[in-house]
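The block underneath contains the structure these notes are about, expressed in structure tokens.
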Amino acid sequence: MPEFRLYNTLSRAVEPFAPIDGETVKLYTCGPTVYNPAHLGNFRTFLFEDLMRRVLRLRGWQVVQVMNLTDVDDKIIRRAAEQGKTIQQVTDPIVTIFHADRKYLRIEDAEHYPRATAYIPEMIALVERLIANGVAYLAEDGSVYFAIAKFPTYGRLSRLDTREIQSGARVAQDDYSKENAQDFALWKAAKPEDEACGAAWDSPWGRGRPGWHLECSAMAMALLGETLDLHAGGIDLVFPHHEDEIAQSEAASGKPFARCWCHGEFLLTDGAKMAKRVGNVQNVADLRANGVSGAAVRHFVFSTHYRKQLNLAGEALEGSMEAVRRVGDFADRLASAKGGTRALEDAADRLENEVRAALFDDLNAPNAMAALFEFIRAANKELDAGGTEPGPLSRAREVFRMVDAILDLVPERDRVDGGLAVWVEAQLSARAEARARRDFGTADEIRRALDEKGIVIEDTPGGTRWKQVR
């Protein structure tokens, strides 16, 4: 079996990877901040992490994944104040939307989805350890800050030159830039707006709430232990979020926080990073409204390596919709085939070897998909030849199932709206009657009406078959 390798942001190199116990990968992935529905840029990251967990299992390991849900931070408190709600009233509906969107994109369930507000005692305990270790201090504003000057290796993940940091200066906000790297807030003294929306808790330092960075360290260590095998997220989280996670976790435990750091690149829209503030956001609801299936989105995202920027374009999505239609057609054909040839078995063996080699080499999904489509071309040729041997057909089905368990590109077959199905069947009956009386003009009009609804039909000796493709 080929060696499994991943790009480690910490070393800036593709390295061999295996869980420390040889059996179970302890994986932490930064989840959404639940004040707005996650946009497609977020979901590009979540899809790369979904691919990662599936490939880790293909390699033979178990996976325990933690994906946090940030349900208290500056943005959520602002939203609660704007709407006159508690933070829970803001976040609960967004959590529901997140899970629905995730399932639409076929992202597997993580083993744990901790909400930050459920881990306040663990966060307070972590701050107490940092104060006891002399790397955190209570400031005059009533907040507790991490002293980055007391952590000599600060900046090694992001390659930040700490000589440029203004010593002793502090930053309280959750989002800050590389030019603003200073002591960061671990615990924030409560303000009236925090109390008003239920975002304040008792602590040894008075009423307050956790800083964003503290939340992930506390939840990760509570659920996975003090050293993780793998920590993943979007490239925008390298600094400050992941840098600060390393500092506070390792300063508390004295152990490496994560053995490998893996980051996915941005999704761009017309060349600009997808972000809410620039107004080019599209979310899963937009995809659903435009008839873009989860399978098509997966194809679109996996067509580009996770460490390369990906540009969202309508033509690319159209191409992915057509590509997964081809995959679905082949899946149907393979399922109904009666036999195969030795060349079909050879093609299946080649597919398995190429897919494993690609995916075990830093999750190279584009190469894996190229191998899949080459297999579909070769397999269709062999099925056209009319082979009768059961062994090769069984092998082709086995490998195809294995590959689709990872990429998950076969489009939805059984999710057609009931009312639409009734309408389609009525149209097909009317078309059959029109053809029987040789009224081909009416038959063509019906076919065009079906096409407008995203329905493709195929006339076969056993009758007319149909499916929804968009």
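Residue names in the structure tokens use chain letters A, B, ... in the order shown, residue numbers from 1 in each chain, and ligand numbers from 1 in the order shown.
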**Q.** Every residue of stretch 128-286 of chain A that DSSP places in helix (DSSP H, G or I), as a PyMOL selection string
**A.** chain A and resi 128-132+148-150+162-164+178-180+192-196+212-224+235-253+276-278+284-286
Q | Secondary structure check, strand (DSSP E or B) residues of stretch 109-253 of chain A, as a list in words | A | His112, Arg115, Ala136, Tyr137, Leu138, Val144, Tyr145, Phe146, Arg170, Val171, Asp183, Phe184, Ala185, Leu186, Trp187, Lys188, Ala189, Trp201, Gly208, Arg209, Pro210, Leu228, Leu230, His231, Ala232, Gly233 and Gly234 of chain A
Write out, as a JSON list (two decimals), in the first residue's frame, the residues just selected, with C-alpha atoms.
```
[["chain", "number", "residue", "atom", "x", "y", "z"],
["A", 112, "HIS", "CA", -18.44, 15.53, 17.79],
["A", 115, "ARG", "CA", -20.73, 24.25, 20.94],
["A", 136, "ALA", "CA", -1.17, 35.02, 31.00],
["A", 137, "TYR", "CA", -2.10, 38.06, 33.09],
["A", 138, "LEU", "CA", -5.11, 39.99, 34.32],
["A", 144, "VAL", "CA", -7.09, 38.14, 30.84],
["A", 145, "TYR", "CA", -4.47, 38.26, 28.07],
["A", 146, "PHE", "CA", -1.86, 35.83, 26.77],
["A", 170, "ARG", "CA", -2.99, 44.21, 23.48],
["A", 171, "VAL", "CA", -5.77, 43.31, 21.08],
["A", 183, "ASP", "CA", -1.13, 39.96, 23.30],
["A", 184, "PHE", "CA", -4.53, 38.43, 22.66],
["A", 185, "ALA", "CA", -7.55, 38.16, 24.94],
["A", 186, "LEU", "CA", -8.18, 34.77, 26.54],
["A", 187, "TRP", "CA", -11.06, 35.95, 28.73],
["A", 188, "LYS", "CA", -12.93, 39.19, 28.09],
["A", 189, "ALA", "CA", -14.50, 41.22, 30.86],
["A", 201, "TRP", "CA", -20.41, 33.85, 32.70],
["A", 208, "GLY", "CA", -16.93, 37.66, 31.26],
["A", 209, "ARG", "CA", -16.73, 35.46, 28.20],
["A", 210, "PRO", "CA", -14.05, 33.48, 26.35],
["A", 228, "LEU", "CA", -3.90, 15.98, 18.21],
["A", 230, "LEU", "CA", -4.16, 16.46, 12.72],
["A", 231, "HIS", "CA", -5.66, 19.96, 12.84],
["A", 232, "ALA", "CA", -7.30, 21.32, 9.67],
["A", 233, "GLY", "CA", -9.04, 24.47, 8.52],
["A", 234, "GLY", "CA", -9.07, 27.23, 5.95]]
```
Which residues of stretch 310-360 of chain A come within 9 Å of stretch 285-292 of chain A, and what is each one's closest atom pair and distance in Å (one decimal), counting only C-alpha atoms, sorted by chain and residue number, as a tab-separated table?
```
residue	atom	partner	partner_atom	distance
A:Leu317	CA	A:Val292	CA	7.7
A:Glu318	CA	A:Val292	CA	8.4
A:Met321	CA	A:Val292	CA	7.0
```
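With only C-alpha atoms as the basis for measurement, A:Asp236 is the residue among A:Asp236, A:Glu452, A:Glu15, A:Glu389 that approaches A:His263 most closely.
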Considering only C-alpha atoms, give me a table of residues in stretch 42-146 of chain A that are at most 7 Å from stretch 393-414 of chain A, with the closest atom pair and distance in Å for each, as CSV.
```
residue,atom,partner,partner_atom,distance
A:Leu51,CA,A:Ile406,CA,6.6
A:Arg54,CA,A:Ile406,CA,5.6
A:Val55,CA,A:Ile406,CA,6.6
```
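Nearest residue to A:Ala200, choosing from A:Ser11, A:Ser429, A:Thr86, A:Thr388 and counting only C-alpha atoms: A:Thr86.
For A:Leu6, the non-local neighbours within 8 Å, defined as residues at least 6 positions apart in the same chain or in other chains and counting only C-alpha atoms, are Val14, Glu15, Pro16, Phe17, Cys262, Phe360, Asp361, Asp362 and Leu363 of chain A.
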Deliver the residues from the most recent selection as a file, using all heavy atoms, as a compact mmCIF listing (two decimals), in the first residue's frame.
```
# COMPACT_ATOMS: atom_id res chain seq x y z
N VAL A 14 5.46 18.37 2.20
CA VAL A 14 4.62 17.17 2.16
C VAL A 14 5.37 16.07 2.90
O VAL A 14 6.50 15.73 2.55
CB VAL A 14 4.31 16.74 0.71
CG1 VAL A 14 3.49 15.46 0.70
CG2 VAL A 14 3.56 17.86 -0.02
N GLU A 15 4.73 15.52 3.94
CA GLU A 15 5.40 14.58 4.83
C GLU A 15 4.59 13.31 5.00
O GLU A 15 3.36 13.33 4.88
CB GLU A 15 5.57 15.21 6.22
CG GLU A 15 6.35 16.49 6.25
CD GLU A 15 6.37 17.11 7.65
OE1 GLU A 15 5.48 16.77 8.47
OE2 GLU A 15 7.26 17.94 7.90
N PRO A 16 5.23 12.21 5.34
CA PRO A 16 4.48 11.00 5.71
C PRO A 16 3.63 11.29 6.94
O PRO A 16 4.06 12.00 7.86
CB PRO A 16 5.57 9.98 6.03
CG PRO A 16 6.79 10.49 5.35
CD PRO A 16 6.69 11.98 5.36
N PHE A 17 2.41 10.76 6.93
CA PHE A 17 1.52 10.97 8.07
C PHE A 17 0.93 9.64 8.51
O PHE A 17 0.54 8.80 7.68
CB PHE A 17 0.37 11.91 7.72
CG PHE A 17 -0.68 12.01 8.79
CD1 PHE A 17 -0.54 12.90 9.84
CD2 PHE A 17 -1.79 11.16 8.78
CE1 PHE A 17 -1.48 12.97 10.86
CE2 PHE A 17 -2.74 11.22 9.79
CZ PHE A 17 -2.58 12.12 10.83
N CYS A 262 -3.05 21.17 8.49
CA CYS A 262 -3.42 21.07 7.07
C CYS A 262 -4.45 22.16 6.76
O CYS A 262 -5.47 22.26 7.44
CB CYS A 262 -4.01 19.68 6.82
SG CYS A 262 -3.99 19.17 5.11
N PHE A 360 -3.57 9.23 -1.59
CA PHE A 360 -2.60 9.09 -0.51
C PHE A 360 -1.43 10.05 -0.69
O PHE A 360 -0.59 10.17 0.20
CB PHE A 360 -2.07 7.65 -0.44
CG PHE A 360 -3.11 6.64 -0.01
CD1 PHE A 360 -2.85 5.28 -0.10
CD2 PHE A 360 -4.36 7.03 0.46
CE1 PHE A 360 -3.79 4.34 0.29
CE2 PHE A 360 -5.32 6.10 0.85
CZ PHE A 360 -5.04 4.75 0.77
N ASP A 361 -1.35 10.74 -1.82
CA ASP A 361 -0.32 11.74 -2.08
C ASP A 361 -0.93 13.13 -1.89
O ASP A 361 -1.30 13.81 -2.85
CB ASP A 361 0.25 11.58 -3.48
CG ASP A 361 1.39 12.56 -3.75
OD1 ASP A 361 1.94 13.13 -2.77
OD2 ASP A 361 1.73 12.77 -4.92
N ASP A 362 -1.12 13.53 -0.63
CA ASP A 362 -1.64 14.86 -0.30
C ASP A 362 -3.02 15.12 -0.88
O ASP A 362 -3.31 16.19 -1.40
CB ASP A 362 -0.65 15.95 -0.74
CG ASP A 362 -0.92 17.30 -0.07
OD1 ASP A 362 -1.47 17.31 1.04
OD2 ASP A 362 -0.59 18.33 -0.69
N LEU A 363 -3.88 14.09 -0.82
CA LEU A 363 -5.30 14.24 -1.19
C LEU A 363 -5.46 14.80 -2.60
O LEU A 363 -6.21 15.75 -2.82
CB LEU A 363 -6.03 15.15 -0.19
CG LEU A 363 -5.91 14.78 1.29
CD1 LEU A 363 -6.62 15.81 2.15
CD2 LEU A 363 -6.47 13.39 1.56
```
